[in-house]
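What follows is the content of entry-v2.pdb (PDB, C-alpha atoms).
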```
ATOM      1  CA  GLU Y   1       0.000   0.000   0.000  1.00  0.00           C
ATOM      2  CA  TYR Y   2       1.380   3.408  -0.985  1.00  0.00           C
ATOM      3  CA  GLU Y   3       0.272   7.021  -1.114  1.00  0.00           C
ATOM      4  CA  ILE Y   4       1.731   9.838  -3.206  1.00  0.00           C
ATOM      5  CA  GLU Y   5       0.439  13.379  -2.822  1.00  0.00           C
ATOM      6  CA  ILE Y   6       1.633  16.741  -4.058  1.00  0.00           C
ATOM      7  CA  GLN Y   7       0.686  18.615  -0.917  1.00  0.00           C
ATOM      8  CA  GLN Y   8       1.539  22.159  -1.883  1.00  0.00           C
ATOM      9  CA  PHE Y   9       3.577  24.404  -4.113  1.00  0.00           C
ATOM     10  CA  VAL Y  10       5.693  27.451  -3.512  1.00  0.00           C
ATOM     11  CA  ARG Y  11       6.597  30.171  -5.992  1.00  0.00           C
ATOM     12  CA  ALA Y  12       9.752  32.227  -5.926  1.00  0.00           C
ATOM     13  CA  LYS Y  13       9.019  35.812  -4.917  1.00  0.00           C
ATOM     14  CA  ASP Y  14       9.742  37.055  -8.419  1.00  0.00           C
ATOM     15  CA  ASP Y  15       7.686  34.266 -10.033  1.00  0.00           C
ATOM     16  CA  SER Y  16      10.665  32.707 -11.782  1.00  0.00           C
ATOM     17  CA  PHE Y  17       9.896  29.109 -10.776  1.00  0.00           C
ATOM     18  CA  VAL Y  18       7.542  26.879  -8.807  1.00  0.00           C
ATOM     19  CA  LEU Y  19       8.496  24.032  -6.470  1.00  0.00           C
ATOM     20  CA  TYR Y  20       6.065  21.222  -5.651  1.00  0.00           C
ATOM     21  CA  LEU Y  21       6.190  19.425  -2.298  1.00  0.00           C
ATOM     22  CA  ILE Y  22       5.655  15.709  -2.999  1.00  0.00           C
ATOM     23  CA  CYS Y  23       5.003  13.518   0.046  1.00  0.00           C
ATOM     24  CA  SER Y  24       4.869   9.755  -0.267  1.00  0.00           C
ATOM     25  CA  THR Y  25       4.399   6.819   2.049  1.00  0.00           C
ATOM     26  CA  GLY Y  26       5.205   3.200   1.277  1.00  0.00           C
ATOM     27  CA  VAL Y  27       6.999   3.761  -2.018  1.00  0.00           C
ATOM     28  CA  ASP Y  28      10.359   2.507  -0.738  1.00  0.00           C
ATOM     29  CA  HIS Y  29       8.916  -0.395   1.296  1.00  0.00           C
ATOM     30  CA  ARG Y  30       9.071   1.664   4.477  1.00  0.00           C
ATOM     31  CA  LYS Y  31       6.042   3.025   6.237  1.00  0.00           C
ATOM     32  CA  GLN Y  32       7.520   6.430   7.050  1.00  0.00           C
ATOM     33  CA  GLN Y  33       6.584   9.467   5.016  1.00  0.00           C
ATOM     34  CA  SER Y  34       9.150  11.082   2.747  1.00  0.00           C
ATOM     35  CA  CYS Y  35       8.786  14.594   1.311  1.00  0.00           C
ATOM     36  CA  VAL Y  36      10.825  16.090  -1.527  1.00  0.00           C
ATOM     37  CA  LEU Y  37      10.718  19.272  -3.570  1.00  0.00           C
ATOM     38  CA  ARG Y  38      10.581  19.041  -7.344  1.00  0.00           C
ATOM     39  CA  ARG Y  39      10.239  21.508 -10.198  1.00  0.00           C
ATOM     40  CA  TYR Y  40       8.308  20.847 -13.400  1.00  0.00           C
ATOM     41  CA  ASN Y  41      11.609  20.191 -15.183  1.00  0.00           C
ATOM     42  CA  HIS Y  42      12.310  17.317 -12.778  1.00  0.00           C
ATOM     43  CA  PHE Y  43       9.054  15.649 -13.854  1.00  0.00           C
ATOM     44  CA  HIS Y  44      10.038  16.097 -17.484  1.00  0.00           C
ATOM     45  CA  ALA Y  45      13.490  14.584 -16.880  1.00  0.00           C
ATOM     46  CA  LEU Y  46      11.926  11.620 -15.046  1.00  0.00           C
ATOM     47  CA  LYS Y  47       9.486  11.002 -17.900  1.00  0.00           C
ATOM     48  CA  THR Y  48      12.296  11.070 -20.449  1.00  0.00           C
ATOM     49  CA  GLN Y  49      14.464   8.744 -18.374  1.00  0.00           C
ATOM     50  CA  LEU Y  50      11.683   6.203 -17.744  1.00  0.00           C
ATOM     51  CA  GLU Y  51      10.619   6.142 -21.407  1.00  0.00           C
ATOM     52  CA  LYS Y  52      14.193   5.529 -22.498  1.00  0.00           C
ATOM     53  CA  GLU Y  53      15.045   2.998 -19.763  1.00  0.00           C
ATOM     54  CA  TYR Y  54      11.854   0.919 -20.089  1.00  0.00           C
ATOM     55  CA  SER Y  55      10.992   1.543 -23.771  1.00  0.00           C
ATOM     56  CA  VAL Y  56       7.485   2.712 -22.899  1.00  0.00           C
ATOM     57  CA  VAL Y  57       5.346   5.666 -23.847  1.00  0.00           C
ATOM     58  CA  LEU Y  58       4.044   7.431 -20.774  1.00  0.00           C
ATOM     59  CA  PRO Y  59       1.057   9.767 -20.625  1.00  0.00           C
ATOM     60  CA  PRO Y  60       1.955  13.357 -21.469  1.00  0.00           C
ATOM     61  CA  LEU Y  61       2.783  15.818 -18.731  1.00  0.00           C
ATOM     62  CA  PRO Y  62       0.668  18.942 -18.499  1.00  0.00           C
ATOM     63  CA  THR Y  63       1.978  21.314 -21.105  1.00  0.00           C
ATOM     64  CA  LYS Y  64       4.613  23.788 -20.061  1.00  0.00           C
ATOM     65  CA  TYR Y  65       4.108  26.068 -23.028  1.00  0.00           C
ATOM     66  CA  SER Y  66       0.653  27.210 -24.018  1.00  0.00           C
ATOM     67  CA  PHE Y  67      -1.086  30.490 -24.667  1.00  0.00           C
ATOM     68  CA  ASN Y  68      -2.549  30.405 -21.143  1.00  0.00           C
ATOM     69  CA  ALA Y  69       0.838  29.511 -19.624  1.00  0.00           C
ATOM     70  CA  LEU Y  70       2.498  32.351 -21.478  1.00  0.00           C
ATOM     71  CA  PHE Y  71       0.493  34.984 -19.594  1.00  0.00           C
ATOM     72  CA  ASN Y  72      -0.659  33.142 -16.460  1.00  0.00           C
ATOM     73  CA  ARG Y  73       2.214  30.765 -15.785  1.00  0.00           C
ATOM     74  CA  PHE Y  74       2.446  31.674 -12.112  1.00  0.00           C
ATOM     75  CA  SER Y  75      -1.166  32.500 -11.357  1.00  0.00           C
ATOM     76  CA  ARG Y  76      -2.596  30.468  -8.489  1.00  0.00           C
ATOM     77  CA  PRO Y  77      -5.352  28.801 -10.572  1.00  0.00           C
ATOM     78  CA  PHE Y  78      -2.884  27.792 -13.298  1.00  0.00           C
ATOM     79  CA  VAL Y  79      -0.335  26.375 -10.826  1.00  0.00           C
ATOM     80  CA  GLU Y  80      -3.054  24.537  -8.876  1.00  0.00           C
ATOM     81  CA  THR Y  81      -4.334  22.978 -12.112  1.00  0.00           C
ATOM     82  CA  ARG Y  82      -0.802  21.935 -13.036  1.00  0.00           C
ATOM     83  CA  GLN Y  83      -0.271  20.561  -9.509  1.00  0.00           C
ATOM     84  CA  ASN Y  84      -3.392  18.394  -9.856  1.00  0.00           C
ATOM     85  CA  SER Y  85      -2.283  17.201 -13.297  1.00  0.00           C
ATOM     86  CA  LEU Y  86       1.199  16.327 -12.015  1.00  0.00           C
ATOM     87  CA  GLN Y  87      -0.419  14.493  -9.085  1.00  0.00           C
ATOM     88  CA  THR Y  88      -2.488  12.392 -11.500  1.00  0.00           C
ATOM     89  CA  TRP Y  89       0.556  11.778 -13.706  1.00  0.00           C
ATOM     90  CA  ILE Y  90       2.911  10.609 -10.939  1.00  0.00           C
ATOM     91  CA  ASN Y  91       0.254   8.301  -9.458  1.00  0.00           C
ATOM     92  CA  ASP Y  92      -0.442   6.827 -12.898  1.00  0.00           C
ATOM     93  CA  VAL Y  93       3.262   6.209 -13.471  1.00  0.00           C
ATOM     94  CA  TYR Y  94       3.797   4.677 -10.020  1.00  0.00           C
ATOM     95  CA  SER Y  95       0.808   2.369 -10.496  1.00  0.00           C
ATOM     96  CA  ARG Y  96       2.779   0.599 -13.275  1.00  0.00           C
ATOM     97  CA  LYS Y  97       4.817  -1.852 -11.227  1.00  0.00           C
ATOM     98  CA  GLN Y  98       7.375  -2.448 -13.980  1.00  0.00           C
ATOM     99  CA  LEU Y  99       8.476   1.224 -13.705  1.00  0.00           C
ATOM    100  CA  ARG Y 100       9.228   1.125  -9.970  1.00  0.00           C
ATOM    101  CA  GLY Y 101      12.989   1.108 -10.367  1.00  0.00           C
ATOM    102  CA  ALA Y 102      15.644   3.298  -8.826  1.00  0.00           C
ATOM    103  CA  ALA Y 103      14.865   6.381 -10.934  1.00  0.00           C
ATOM    104  CA  LEU Y 104      11.222   6.565  -9.870  1.00  0.00           C
ATOM    105  CA  ILE Y 105      11.888   5.716  -6.217  1.00  0.00           C
ATOM    106  CA  ASP Y 106      14.718   8.262  -6.020  1.00  0.00           C
ATOM    107  CA  PHE Y 107      12.453  10.903  -7.575  1.00  0.00           C
ATOM    108  CA  LEU Y 108       9.949  10.332  -4.772  1.00  0.00           C
ATOM    109  CA  VAL Y 109      12.166   9.896  -1.714  1.00  0.00           C
ATOM    110  CA  VAL Y 110      15.691  11.255  -2.268  1.00  0.00           C
ATOM    111  CA  GLU Y 111      16.354  14.908  -1.619  1.00  0.00           C
ATOM    112  CA  PRO Y 112      18.896  16.426  -3.986  1.00  0.00           C
ATOM    113  CA  GLU Y 113      22.344  16.827  -2.440  1.00  0.00           C
ATOM    114  CA  VAL Y 114      22.122  20.554  -3.001  1.00  0.00           C
ATOM    115  CA  ASP Y 115      19.418  22.343  -1.079  1.00  0.00           C
ATOM    116  CA  PHE Y 116      19.757  25.500  -3.109  1.00  0.00           C
ATOM    117  CA  VAL Y 117      18.028  26.410  -6.307  1.00  0.00           C
ATOM    118  CA  LEU Y 118      19.064  29.171  -8.648  1.00  0.00           C
ATOM    119  CA  ASP Y 119      16.531  31.885  -9.217  1.00  0.00           C
ATOM    120  CA  PHE Y 120      17.131  32.388 -12.925  1.00  0.00           C
ATOM    121  CA  THR Y 121      15.424  35.760 -13.116  1.00  0.00           C
ATOM    122  CA  SER Y 122      17.441  37.541 -10.430  1.00  0.00           C
ATOM    123  CA  ARG Y 123      20.387  35.100 -10.680  1.00  0.00           C
ATOM    124  CA  HIS Y 124      20.449  34.744  -6.895  1.00  0.00           C
ATOM    125  CA  ARG Y 125      20.688  31.413  -5.180  1.00  0.00           C
ATOM    126  CA  MET Y 126      17.717  30.616  -3.002  1.00  0.00           C
ATOM    127  CA  GLU Y 127      17.855  28.330   0.013  1.00  0.00           C
ATOM    128  CA  VAL Y 128      14.976  25.897   0.217  1.00  0.00           C
ATOM    129  CA  VAL Y 129      13.760  25.193   3.738  1.00  0.00           C
ATOM    130  CA  VAL Y 130      10.963  22.774   4.587  1.00  0.00           C
ATOM    131  CA  LYS Y 131       9.600  23.515   8.062  1.00  0.00           C
ATOM    132  CA  ARG Y 132       8.391  20.757  10.400  1.00  0.00           C
ATOM    133  CA  SER Y 133       4.853  21.946   9.755  1.00  0.00           C
ATOM    134  CA  GLY Y 134       5.359  21.115   6.072  1.00  0.00           C
ATOM    135  CA  ALA Y 135       5.512  24.755   4.998  1.00  0.00           C
ATOM    136  CA  VAL Y 136       8.105  25.488   2.324  1.00  0.00           C
ATOM    137  CA  LYS Y 137      10.112  28.712   2.421  1.00  0.00           C
ATOM    138  CA  LEU Y 138      12.637  30.160  -0.011  1.00  0.00           C
ATOM    139  CA  TYR Y 139      15.316  32.508   1.266  1.00  0.00           C
ATOM    140  CA  ARG Y 140      17.860  34.544  -0.619  1.00  0.00           C
ATOM    141  CA  VAL Y 141      21.298  33.386   0.501  1.00  0.00           C
ATOM    142  CA  CYS Y 142      23.654  36.111   1.683  1.00  0.00           C
ATOM    143  CA  LEU Y 143      26.802  36.105   3.790  1.00  0.00           C
ATOM    144  CA  PHE Y 144      28.126  38.919   5.896  1.00  0.00           C
ATOM    145  CA  VAL Y 145      31.805  39.429   5.173  1.00  0.00           C
ATOM    146  CA  ARG Y 146      32.457  43.122   5.890  1.00  0.00           C
ATOM    147  CA  PHE Y 147      29.535  43.647   3.563  1.00  0.00           C
ATOM    148  CA  TYR Y 148      26.679  41.524   2.365  1.00  0.00           C
ATOM    149  CA  LEU Y 149      27.762  39.070  -0.282  1.00  0.00           C
ATOM    150  CA  CYS Y 150      24.954  37.315  -2.053  1.00  0.00           C
ATOM    151  CA  PHE Y 151      25.620  34.193  -4.057  1.00  0.00           C
ATOM    152  CA  LEU Y 152      25.097  34.891  -7.733  1.00  0.00           C
TER     153      LEU Y 152
END
```

Let me see whether you can do it: turn the structure in this file into C-alpha cells.
Amino acid sequence: EYEIEIQQFVRAKDDSFVLYLICSTGVDHRKQQSCVLRRYNHFHALKTQLEKEYSVVLPPLPTKYSFNALFNRFSRPFVETRQNSLQTWINDVYSRKQLRGAALIDFLVVEPEVDFVLDFTSRHRMEVVVKRSGAVKLYRVCLFVRFYLCFL
C-alpha cells in the first residue's frame, strides 16, 4: 500500500519558478513518510528517463508552453491545475509496477544533495527550507563578510 500526494507548491518571490512538495508513504517499502521538492523540469526529466530505460510511452505531462501559460504561468489557478495534473501523472506512473525502479523511487524519496536552487530571473541562489509543519520557504542566501555578499 502506498500514497503519493503533491501537498503544496511554492513560488519564488519574483515568479521565476515553482516548487512542488511531494510527500509519499510506502513507495520505498518503508512506512515512514518522505517529502521532496521538485520543479516541473524534474518531472520532465523523469518522464524522459523512464521512457528511455523501459521503452514505454508514458502519458503526457501537463503542457509547459501554451497560450494560457504564457500569460498566467504563475497565477494560483494555473499552478493549482498543473499541480493536480502532475499528481495524477505521478500516481499513474507509479501504479505501473514495472516502472518502480531506482529512478522513480529516487524521484519520490531522495532529496537532492544541493538544497539551493538558482533563481534564474534575479540570478540569486535561493535556500529551500521545509519547516516541520510542512511549509516550504525560499530565502535569498547572503553572507556577511564586511559587507553583504549574495551568491550569484

Close residues, Val109 (chain Y) itself excluded, 8 Å, only C-alpha atoms, min 3 positions apart in chain, as a PDB file with C-alpha atoms, in the coordinates of the input:
```pdb
ATOM      1  CA  SER Y  24       4.869   9.755  -0.267  1.00  0.00           C
ATOM      2  CA  ASP Y  28      10.359   2.507  -0.738  1.00  0.00           C
ATOM      3  CA  SER Y  34       9.150  11.082   2.747  1.00  0.00           C
ATOM      4  CA  CYS Y  35       8.786  14.594   1.311  1.00  0.00           C
ATOM      5  CA  VAL Y  36      10.825  16.090  -1.527  1.00  0.00           C
ATOM      6  CA  ILE Y 105      11.888   5.716  -6.217  1.00  0.00           C
ATOM      7  CA  ASP Y 106      14.718   8.262  -6.020  1.00  0.00           C
TER       8      ASP Y 106
END
```

Worksheet item: What's the 7 Å shell around Leu37 (chain Y), counting only C-alpha atoms, without same-chain residues fewer than 3 positions away, as a count of residues only?
Response: 4

Worksheet item: Which is closest to Pro62 (chain Y) among Y:Val93, Y:Leu86, Y:Leu50, Y:Ala45, if we use all atoms listed in the file?
Response: Y:Leu86

Fill in: Residue nearest Tyr54 (chain Y) - candidates Y:Phe9, Y:Leu104, Y:Leu99, Y:Glu3, atoms counted: all atoms listed in the file
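Closest residue, counting all atoms listed in the file: Y:Leu99.
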
Residues within 10 Å of (13.4, 11.4, -13.6), file coords, only C-alpha atoms, listed as a tab-separated table (two decimals) with C-alpha atoms, in the frame of the given file:
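Okay, result_36.tsv is ready:
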```tsv
chain	number	residue	atom	x	y	z
Y	41	ASN	CA	11.61	20.19	-15.18
Y	42	HIS	CA	12.31	17.32	-12.78
Y	43	PHE	CA	9.05	15.65	-13.85
Y	44	HIS	CA	10.04	16.10	-17.48
Y	45	ALA	CA	13.49	14.58	-16.88
Y	46	LEU	CA	11.93	11.62	-15.05
Y	47	LYS	CA	9.49	11.00	-17.90
Y	48	THR	CA	12.30	11.07	-20.45
Y	49	GLN	CA	14.46	8.74	-18.37
Y	50	LEU	CA	11.68	6.20	-17.74
Y	51	GLU	CA	10.62	6.14	-21.41
Y	102	ALA	CA	15.64	3.30	-8.83
Y	103	ALA	CA	14.86	6.38	-10.93
Y	104	LEU	CA	11.22	6.56	-9.87
Y	105	ILE	CA	11.89	5.72	-6.22
Y	106	ASP	CA	14.72	8.26	-6.02
Y	107	PHE	CA	12.45	10.90	-7.58
Y	108	LEU	CA	9.95	10.33	-4.77
```

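You can rank Y:Gln33, Y:Arg39, Y:Glu1, Y:Thr25 by their closest distance to Val79 (chain Y) using all atoms listed in the file, and at the top of that list sits Y:Arg39.
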
Worksheet item: Any idea what the distance is between CA of Arg76 (chain Y) and CA of Ile4 (chain Y)?
Response: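 CA of Arg76 (chain Y) sits 21.7 Å away from CA of Ile4 (chain Y).
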